[in-house]
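K.L.:
Just dropping this structure here.
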Amino acid sequence: MAYVLWEFTILGFDPTSFMFSGALIAFSWLLVNNRMMDTEALGRDQLFYATHDPVILMDAAGRFAGANLAARDLFGDEIPEHGGSLRQLNKIGPMLDCLAATGELNPAESISVGDRVYDPRALPIASPIQRRNNLLGWTVSLVDITERERSAEALREALSRAEAANRAKSEFLAVVSHELRTPMTSLKGSLDLMFNGVAGDVSDRMKELLGIARRNSVRLQKLIDDILDLQKLDLNTLNFELQDVEPTEFLREVMRDCEMHAAQAKVRLSVVSDDAEGRMHVDPYRLKQVVGNVLSNAVKFSPEGGNIECSLGATGDALRMSIRDSGPGIPENAEDKVFGRFNQVDSSSTRASGGSGLGMHIAKILIERMGGAISYQSRLGVGSVFHIDIPLAGGVPRQSSPPCDSVPGDGEGVPAFGEVRG
Ligand SMILES: Nc1ncnc2c1ncn2[C@@H]1O[C@H](COP(=O)(O)OP(=O)(O)OP(=O)(O)O)[C@@H](O)[C@H]1O
Ligand SMILES: [Mg+2]
């Protein structure tokens, strides 16, 4: 037209063909774009209809607006006509009613329909045009969690069976250890009497053999006592009789009990400071067990002629009892082995020190149940210091520097290495 009326040209040519080509390109672009929009819409539709999880569409007034195949399979004839009430839907009717009224799924817990378990989830459908009051309805999907629930149930059953078996084992061990205790006591008593010549003269060779039997009966008795305590701790049947205890006298008493053991091992025991203030609030019998275990290790792992130094001090609001030895020390990151059950740092069968690896484990549980803690510092080839933090009977002790926070060979008061808490 422009060409005919005003002789308009493009590069001297009639523009009709250019205009026609331009229109064709624009039209093709629209066609392709439209096709892509179709693909997206079709895909979305297919996903909605083909998904295995039932999905129901509901308008803002709570009326039925659509359902996918899985929902139709699940609810069958209960699915109403478009715009019909959803109230009669098995199990989820009241829930949908509540959703339409309050905007929330209530109760938001799983529901069972037939032999399947579903987790209902609701998503609001908002109008893209309106900015306010734009709620058109809801998409309610029922996520099938049957397999997950079955696995969880199987795990719960397995756990409760394992717990029952563990409890039965603990009870069995507790009974057996208890029954072993009485004959063990008379066995050890008789060996003691024979060893001391009460039942008549014993030759040197017999004394040597009786000595071996005595030592092993002591070991066996300790093992039985440890297993019995451990089972009681596991079953939570160990009672603590907490009372106020004077620390200095307590430490001296425990050391007296350990003197013979130390003398036999040719190790010297000494107290380097015991002027701590305050009274401990503990079960003295159980604390003796804790300190006794630490002391017996210090003796056991010290070389002949070694020194063990005990001290009392304070840390935070607890009283700290420290036992330092000049033994071989403990390698780094071995706390699991030191405090683990039946664990030893050196578990080779050739190790000379013996023991079952229960002492520190029991000590840790006992002191923690009494509200205290156990920790250690150590350096290989230098020695170890074990700290037992004991709760006080009200009030904070006056002495503030922790005792024995160095090991032999280190500068006084300089922490040798990081503390390892039990
Ligand atoms: N003072 C110490 N010096 C060096 N190693 C130690 C010391 N105390 C504990 N250990 C290490 O920690 C491990 C665990 O100690 P624990 O008292 O639990 O077992 P045990 O003494 O071997 O046996 P049990 O005490 O049951 O007779 C020990 O075997 C040892 O390897
Ligand atoms: Mg021990």
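By order of appearance in the structure tokens: chains A, B, ..., then residues from 1 within every chain, and ligands from 1 in the order shown.
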Could you give me, as a VMD selection string, the residues within 12 Å of A:Leu223, counting only C-alpha atoms and dropping anything in the same chain fewer than 2 positions from it?
P.N.:
chain A and resid 177 to 178 180 to 181 184 216 to 221 225 to 230 342 354 to 359 362
K.L.:
Among stretch 146-345 of chain A, which ones does DSSP assign to strand (DSSP E) (computed from the backbone)? Answer as a list in words.
P.N.:
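Going through stretch 146-345 of chain A, the strand (DSSP E) residues come out as Gln243, Asp244, Val245, Arg268, Leu269, Ser270, Val271, Val272, Ser273, Met280, His281, Val282, Asn307, Ile308, Glu309, Cys310, Ser311, Leu312, Gly313, Ala314, Thr315, Ala318, Leu319, Arg320, Met321, Ser322, Ile323, Arg324 and Asp325 of chain A.
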K.L.:
Within 12 Å of ligand 2, which residues show up when you count only C-alpha atoms and all ligand atoms? List them as a ChimeraX atom specification, please.
P.N.:
/A:219,222-223,226,289-301,337-345,353-364
K.L.:
For N, CA, C and O atoms, I'd like the residues from the last selection saved as a short mmCIF file (atom, residue, chain, number, x, y, z; two decimals), in the first residue's frame.
P.N.:
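Below is the file that was written, part18.cif:
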data_model
loop_
_atom_site.label_atom_id
_atom_site.label_comp_id
_atom_site.auth_asym_id
_atom_site.auth_seq_id
_atom_site.Cartn_x
_atom_site.Cartn_y
_atom_site.Cartn_z
N ARG A 219 42.10 -61.24 92.21
CA ARG A 219 41.79 -60.70 90.87
C ARG A 219 40.40 -61.10 90.43
O ARG A 219 39.62 -60.30 89.93
N LYS A 222 37.76 -59.29 92.34
CA LYS A 222 37.60 -57.90 91.87
C LYS A 222 36.78 -57.88 90.57
O LYS A 222 35.90 -57.05 90.38
N LEU A 223 37.10 -58.86 89.70
CA LEU A 223 36.37 -58.92 88.44
C LEU A 223 34.88 -59.17 88.69
O LEU A 223 34.01 -58.52 88.10
N ASP A 226 33.36 -56.05 90.03
CA ASP A 226 33.22 -55.04 88.97
C ASP A 226 32.04 -55.36 88.06
O ASP A 226 31.25 -54.47 87.71
N GLN A 289 35.85 -46.43 95.98
CA GLN A 289 36.02 -47.30 94.81
C GLN A 289 36.67 -46.51 93.66
O GLN A 289 37.58 -47.00 93.00
N VAL A 290 36.18 -45.28 93.45
CA VAL A 290 36.70 -44.45 92.36
C VAL A 290 38.18 -44.14 92.60
O VAL A 290 39.05 -44.41 91.75
N VAL A 291 38.48 -43.60 93.79
CA VAL A 291 39.86 -43.22 94.09
C VAL A 291 40.75 -44.47 94.14
O VAL A 291 41.88 -44.47 93.64
N GLY A 292 40.19 -45.55 94.70
CA GLY A 292 40.94 -46.80 94.79
C GLY A 292 41.33 -47.31 93.40
O GLY A 292 42.46 -47.76 93.18
N ASN A 293 40.42 -47.21 92.44
CA ASN A 293 40.72 -47.65 91.07
C ASN A 293 41.82 -46.81 90.44
O ASN A 293 42.71 -47.33 89.77
N VAL A 294 41.75 -45.49 90.68
CA VAL A 294 42.78 -44.60 90.11
C VAL A 294 44.13 -44.90 90.77
O VAL A 294 45.16 -45.03 90.10
N LEU A 295 44.10 -45.05 92.10
CA LEU A 295 45.35 -45.34 92.84
C LEU A 295 45.94 -46.68 92.42
O LEU A 295 47.14 -46.80 92.22
N SER A 296 45.07 -47.68 92.27
CA SER A 296 45.60 -49.01 91.93
C SER A 296 46.21 -48.99 90.53
O SER A 296 47.22 -49.64 90.28
N ASN A 297 45.66 -48.18 89.63
CA ASN A 297 46.28 -48.04 88.30
C ASN A 297 47.63 -47.36 88.42
O ASN A 297 48.61 -47.76 87.77
N ALA A 298 47.68 -46.30 89.25
CA ALA A 298 48.93 -45.56 89.40
C ALA A 298 50.01 -46.50 89.92
O ALA A 298 51.15 -46.48 89.43
N VAL A 299 49.64 -47.36 90.88
CA VAL A 299 50.61 -48.32 91.42
C VAL A 299 50.99 -49.32 90.33
O VAL A 299 52.17 -49.60 90.08
N LYS A 300 49.96 -49.84 89.68
CA LYS A 300 50.17 -50.89 88.68
C LYS A 300 51.08 -50.43 87.53
O LYS A 300 51.92 -51.17 87.05
N PHE A 301 50.88 -49.17 87.11
CA PHE A 301 51.62 -48.70 85.94
C PHE A 301 52.93 -47.99 86.30
O PHE A 301 53.66 -47.56 85.41
N LYS A 337 39.76 -45.53 75.27
CA LYS A 337 40.33 -46.79 75.77
C LYS A 337 40.48 -46.74 77.29
O LYS A 337 40.27 -47.73 77.96
N VAL A 338 40.85 -45.59 77.80
CA VAL A 338 41.02 -45.49 79.26
C VAL A 338 39.67 -45.66 79.95
O VAL A 338 39.55 -46.41 80.92
N PHE A 339 38.64 -44.95 79.44
CA PHE A 339 37.36 -44.96 80.13
C PHE A 339 36.34 -45.93 79.52
O PHE A 339 35.21 -46.03 79.99
N GLY A 340 36.74 -46.64 78.46
CA GLY A 340 35.80 -47.56 77.80
C GLY A 340 35.59 -48.83 78.61
O GLY A 340 36.34 -49.13 79.53
N ARG A 341 34.55 -49.56 78.23
CA ARG A 341 34.22 -50.80 78.93
C ARG A 341 35.10 -51.94 78.42
O ARG A 341 35.16 -52.17 77.22
N PHE A 342 35.77 -52.63 79.28
CA PHE A 342 36.69 -53.72 78.93
C PHE A 342 37.77 -53.24 77.95
O PHE A 342 38.22 -54.00 77.10
N ASN A 343 38.12 -51.97 78.06
CA ASN A 343 39.12 -51.41 77.14
C ASN A 343 40.43 -51.14 77.85
O ASN A 343 40.42 -50.69 79.00
N GLN A 344 41.51 -51.37 77.15
CA GLN A 344 42.82 -51.03 77.70
C GLN A 344 43.63 -50.37 76.61
O GLN A 344 43.44 -50.68 75.43
N VAL A 345 44.52 -49.46 77.01
CA VAL A 345 45.31 -48.76 75.99
C VAL A 345 46.22 -49.76 75.30
O VAL A 345 46.31 -49.81 74.08
N SER A 353 50.73 -55.89 83.14
CA SER A 353 49.98 -55.33 84.26
C SER A 353 48.65 -56.03 84.58
O SER A 353 48.09 -55.82 85.65
N GLY A 354 48.14 -56.84 83.70
CA GLY A 354 46.90 -57.57 83.98
C GLY A 354 45.70 -56.65 84.04
O GLY A 354 45.76 -55.50 83.63
N GLY A 355 44.58 -57.14 84.55
CA GLY A 355 43.37 -56.31 84.67
C GLY A 355 42.42 -56.59 83.52
O GLY A 355 42.78 -57.21 82.52
N SER A 356 41.18 -56.10 83.71
CA SER A 356 40.16 -56.41 82.71
C SER A 356 39.68 -55.18 81.96
O SER A 356 38.85 -55.27 81.07
N GLY A 357 40.16 -54.00 82.31
CA GLY A 357 39.73 -52.79 81.60
C GLY A 357 38.38 -52.29 82.05
O GLY A 357 37.67 -51.62 81.28
N LEU A 358 38.01 -52.58 83.30
CA LEU A 358 36.71 -52.12 83.81
C LEU A 358 36.85 -50.99 84.83
O LEU A 358 35.93 -50.21 85.03
N GLY A 359 38.01 -50.96 85.49
CA GLY A 359 38.20 -50.05 86.62
C GLY A 359 37.84 -48.59 86.32
O GLY A 359 37.02 -47.98 87.02
N MET A 360 38.44 -48.02 85.27
CA MET A 360 38.21 -46.61 84.95
C MET A 360 36.79 -46.37 84.43
O MET A 360 36.20 -45.32 84.67
N HIS A 361 36.26 -47.36 83.72
CA HIS A 361 34.90 -47.23 83.19
C HIS A 361 33.91 -47.11 84.36
O HIS A 361 33.06 -46.21 84.39
N ILE A 362 34.08 -47.98 85.34
CA ILE A 362 33.19 -47.95 86.50
C ILE A 362 33.42 -46.66 87.31
O ILE A 362 32.47 -45.99 87.73
N ALA A 363 34.70 -46.29 87.45
CA ALA A 363 35.02 -45.08 88.21
C ALA A 363 34.34 -43.86 87.58
O ALA A 363 33.77 -43.02 88.28
N LYS A 364 34.37 -43.79 86.27
CA LYS A 364 33.78 -42.65 85.56
C LYS A 364 32.26 -42.59 85.78
O LYS A 364 31.70 -41.55 86.09
#
K.L.:
Measuring between only C-alpha atoms, which one of A:Glu241, A:Glu332, A:Glu249, A:Asp59 shows the shortest distance to A:Ala126?
P.N.:
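Using only C-alpha atoms, the shortest distance to A:Ala126 belongs to A:Asp59.
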K.L.:
Could you tell me how far atom CA of A:Tyr118 lies from atom CA of A:Asn68, in Å and to one decimal?
P.N.:
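Those two atoms sit 15.6 Å apart.
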K.L.:
At a cut-off of 7 Å, using only C-alpha atoms, what residues contact A:Pro124? Leave out same-chain residues fewer than 5 positions from it and give the result as a list in words.
P.N.:
Leu135, Gly137, Trp138 and Thr139 of chain A
K.L.:
Please dump the current selection as a PDB file, in the first residue's frame; keep N, CA and C atoms.
P.N.:
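Okay, this is what ended up in out01.pdb:
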ATOM      1  N   LEU A 135      -7.291 -16.340  47.989  1.00  0.00           N
ATOM      2  CA  LEU A 135      -7.323 -17.791  48.156  1.00  0.00           C
ATOM      3  C   LEU A 135      -8.427 -18.420  47.304  1.00  0.00           C
ATOM      4  N   GLY A 137      -8.468 -21.908  46.765  1.00  0.00           N
ATOM      5  CA  GLY A 137      -8.765 -23.231  47.313  1.00  0.00           C
ATOM      6  C   GLY A 137      -7.497 -23.894  47.814  1.00  0.00           C
ATOM      7  N   TRP A 138      -7.545 -25.223  47.818  1.00  0.00           N
ATOM      8  CA  TRP A 138      -6.438 -25.956  48.393  1.00  0.00           C
ATOM      9  C   TRP A 138      -6.085 -27.180  47.557  1.00  0.00           C
ATOM     10  N   THR A 139      -4.799 -27.503  47.525  1.00  0.00           N
ATOM     11  CA  THR A 139      -4.363 -28.794  46.986  1.00  0.00           C
ATOM     12  C   THR A 139      -4.043 -29.641  48.207  1.00  0.00           C
TER      13      THR A 139
END
K.L.:
Fewer than 4 positions away in the same chain doesn't count, so skip those; otherwise give me all residues within 8 Å of A:Ile390, counting only C-alpha atoms, as a list in words.
P.N.:
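Those residues are Met280, His281, Val282, Ala318, Leu319, Arg320, Met321, Ile367, Gly371, Gly372 and Ala373 of chain A.
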K.L.:
Using the chain letters and numbers from this document, which residues of stretch 93-301 of chain A does DSSP assign to alpha helix (DSSP H), as a ChimeraX atom specification?
P.N.:
/A:93-102,146-195,204-234,247-264,284-301
K.L.:
With a distance cut-off of 7 Å and only C-alpha atoms, select the neighbouring residues of A:Ser378, excluding the residue or stretch itself and same-chain residues fewer than 4 positions from it, and output the selection as a list in words.
P.N.:
Gly329, Ile330, Gly383, Ser384 and Val385 of chain A
K.L.:
Quick one: of A:Leu74, A:Leu251, A:Ile224, A:Cys258, who's nearest to ligand 1, counting only C-alpha atoms and all ligand atoms?
P.N.:
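For ligand 1, the nearest of the given residues is A:Ile224.
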K.L.:
Quick one: distance from atom CA of A:Gln377 to atom 14 (C, counted along the ligand's line) of ligand 1 in Å, one decimal?
P.N.:
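That distance, rounded to one decimal, is 14.2 Å.
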